[in-house]
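K.L.:
This is final_9.txt, which holds compact mmCIF, C-alpha atoms:
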```
# COMPACT_ATOMS: atom_id res chain seq x y z
CA MET G 1 42.10 39.33 14.56
CA THR G 2 40.43 37.50 11.69
CA ASP G 3 38.28 39.29 9.13
CA VAL G 4 35.79 37.32 7.13
CA VAL G 5 35.52 38.72 3.61
CA ASP G 6 33.47 37.70 0.63
CA SER G 7 34.97 36.93 -2.77
CA ASP G 8 34.19 40.39 -4.15
CA GLU G 9 36.09 42.06 -1.31
CA LEU G 10 38.98 39.66 -1.80
CA LEU G 11 39.13 40.57 -5.50
CA ARG G 12 39.04 44.29 -4.67
CA ARG G 13 41.94 43.82 -2.27
CA MET G 14 43.97 41.91 -4.84
CA HIS G 15 43.33 44.60 -7.46
CA ARG G 16 44.47 47.28 -4.99
CA ALA G 17 47.56 45.22 -4.18
CA ARG G 18 48.36 44.88 -7.89
CA ALA G 19 47.94 48.64 -8.42
CA CYS G 20 50.20 49.36 -5.44
CA ALA G 21 52.81 46.91 -6.72
CA ARG G 22 52.75 48.61 -10.14
CA GLN G 23 53.34 52.01 -8.53
CA GLU G 24 56.22 50.66 -6.46
CA GLU G 25 57.73 48.86 -9.48
CA ARG G 26 57.70 52.10 -11.50
CA ALA G 27 59.18 54.08 -8.62
CA TRP G 28 62.03 51.61 -8.08
CA ARG G 29 62.71 51.45 -11.84
CA VAL G 30 63.04 55.24 -11.99
CA ARG G 31 65.25 55.22 -8.91
CA SER G 32 67.48 52.53 -10.43
CA GLU G 33 67.89 54.60 -13.60
CA GLN G 34 68.64 57.76 -11.63
CA LEU G 35 71.26 56.05 -9.48
CA ARG G 36 72.98 54.15 -12.30
CA SER G 37 75.73 56.73 -12.89
CA THR G 38 76.21 58.01 -9.35
CA ASP G 39 75.58 55.01 -7.09
CA PRO G 40 75.96 51.65 -8.85
CA GLU G 41 75.27 49.64 -5.70
CA GLY G 42 72.13 51.63 -4.97
CA ALA G 43 71.07 51.17 -8.58
CA ARG G 44 71.52 47.39 -8.25
CA ASP G 45 69.48 47.36 -5.05
CA ALA G 46 66.72 49.34 -6.76
CA ALA G 47 66.84 46.97 -9.75
CA VAL G 48 66.42 43.96 -7.44
CA ARG G 49 63.43 45.62 -5.80
CA THR G 50 62.02 46.33 -9.27
CA LEU G 51 62.29 42.64 -10.12
CA ALA G 52 60.60 41.70 -6.85
CA TYR G 53 57.63 43.93 -7.61
CA GLU G 54 57.47 42.63 -11.19
CA THR G 55 57.19 39.13 -9.74
CA VAL G 56 54.41 40.17 -7.38
CA ILE G 57 52.56 41.75 -10.29
CA MET G 58 52.94 38.59 -12.40
CA VAL G 59 51.58 36.43 -9.55
CA LEU G 60 48.62 38.73 -8.94
CA ASP G 61 47.95 38.92 -12.69
CA GLU G 62 47.89 35.12 -12.89
CA ILE G 63 45.49 34.93 -9.93
CA LEU G 64 43.19 37.64 -11.30
CA THR G 65 43.39 36.62 -14.99
CA PRO G 66 44.46 32.96 -15.16
CA GLY G 67 46.31 31.89 -18.28
CA ARG G 68 47.02 35.40 -19.54
CA HIS G 69 50.79 35.10 -19.12
CA SER G 70 51.03 31.68 -20.74
CA GLU G 71 49.32 33.09 -23.83
CA GLN G 72 51.69 36.09 -23.97
CA GLY G 73 54.95 34.26 -23.46
```
Give the structure from the file, written as structure tokens.
P.N.:
Amino acid sequence: MTDVVDSDELLRRMHRARACARQEERAWRVRSEQLRSTDPEGARDAAVRTLAYETVIMVLDEILTPGRHSEQG
């Protein structure tokens, strides 16, 4: 099934995706910190997932606000 969406709807979807990725990134960061002392392997897995969500956020940020990251870093 193919949906045809206008640019405004596409932007809304990308903003929702970025917000979701931020929530997931925070949740995995907290989980990594909680597991650090009791389950080092689980903490590493959670840290990798945190990095993955950080990457998704950076990509969506660059799409939604081009050039913002190059100015910061």
K.L.:
What is the atom CA of Val5 of chain G-atom CA of Glu54 of chain G distance in Å, reported with one decimal?
P.N.:
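So the answer is 26.8 Å.
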K.L.:
Using only C-alpha atoms, which residues sit within 12 Å of Ala19 of chain G once same-chain residues fewer than 4 positions away are excluded, as a list in words?
P.N.:
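The contact residues come out as Arg12, Arg13, Met14, His15, Gln23, Glu24, Glu25, Arg26, Tyr53, Glu54, Val56, Ile57, Met58, Leu60 and Asp61 of chain G.
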K.L.:
Go ahead and save the residues from that selection, with C-alpha atoms, as a PDB file, keeping the file's coordinate frame.
P.N.:
```pdb
ATOM      1  CA  ARG G  12      39.040  44.290  -4.670  1.00  0.00           C
ATOM      2  CA  ARG G  13      41.940  43.820  -2.270  1.00  0.00           C
ATOM      3  CA  MET G  14      43.970  41.910  -4.840  1.00  0.00           C
ATOM      4  CA  HIS G  15      43.330  44.600  -7.460  1.00  0.00           C
ATOM      5  CA  GLN G  23      53.340  52.010  -8.530  1.00  0.00           C
ATOM      6  CA  GLU G  24      56.220  50.660  -6.460  1.00  0.00           C
ATOM      7  CA  GLU G  25      57.730  48.860  -9.480  1.00  0.00           C
ATOM      8  CA  ARG G  26      57.700  52.100 -11.500  1.00  0.00           C
ATOM      9  CA  TYR G  53      57.630  43.930  -7.610  1.00  0.00           C
ATOM     10  CA  GLU G  54      57.470  42.630 -11.190  1.00  0.00           C
ATOM     11  CA  VAL G  56      54.410  40.170  -7.380  1.00  0.00           C
ATOM     12  CA  ILE G  57      52.560  41.750 -10.290  1.00  0.00           C
ATOM     13  CA  MET G  58      52.940  38.590 -12.400  1.00  0.00           C
ATOM     14  CA  LEU G  60      48.620  38.730  -8.940  1.00  0.00           C
ATOM     15  CA  ASP G  61      47.950  38.920 -12.690  1.00  0.00           C
TER      16      ASP G  61
END
```
K.L.:
Excluding Ala46 of chain G and its own-chain neighbours fewer than 6 positions away, which residues fall within 9 Å of it when counting all atoms listed in the file? Please give them as a JSON list (two decimals) with C-alpha atoms, in the frame of the given file.
P.N.:
```
[["chain", "number", "residue", "atom", "x", "y", "z"],
["G", 28, "TRP", "CA", 62.03, 51.61, -8.08],
["G", 29, "ARG", "CA", 62.71, 51.45, -11.84],
["G", 30, "VAL", "CA", 63.04, 55.24, -11.99],
["G", 31, "ARG", "CA", 65.25, 55.22, -8.91],
["G", 32, "SER", "CA", 67.48, 52.53, -10.43],
["G", 33, "GLU", "CA", 67.89, 54.60, -13.60],
["G", 35, "LEU", "CA", 71.26, 56.05, -9.48]]
```
K.L.:
Please indicate the distance in Å from atom CA of Ala27 of chain G to atom CA of Arg44 of chain G, rounded to one decimal place.
P.N.:
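Spanning atom CA of Ala27 of chain G to atom CA of Arg44 of chain G is a straight-line distance of 14.0 Å.
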K.L.:
Just give me the gap between atom CA of Asp6 of chain G and atom CA of Thr65 of chain G in Å, one decimal is fine.
P.N.:
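Computed distance, atom CA of Asp6 of chain G to atom CA of Thr65 of chain G, equals 18.5 Å.
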K.L.:
May I have the protein, DNA and RNA residues with any atom at most 9 Å from the point (37.1, 35.3, -7.7), counting only C-alpha atoms, written as a list in words?
P.N.:
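Residues found, by chain and rising number: Ser7, Asp8, Leu10, Leu11, Ile63 and Leu64 of chain G.
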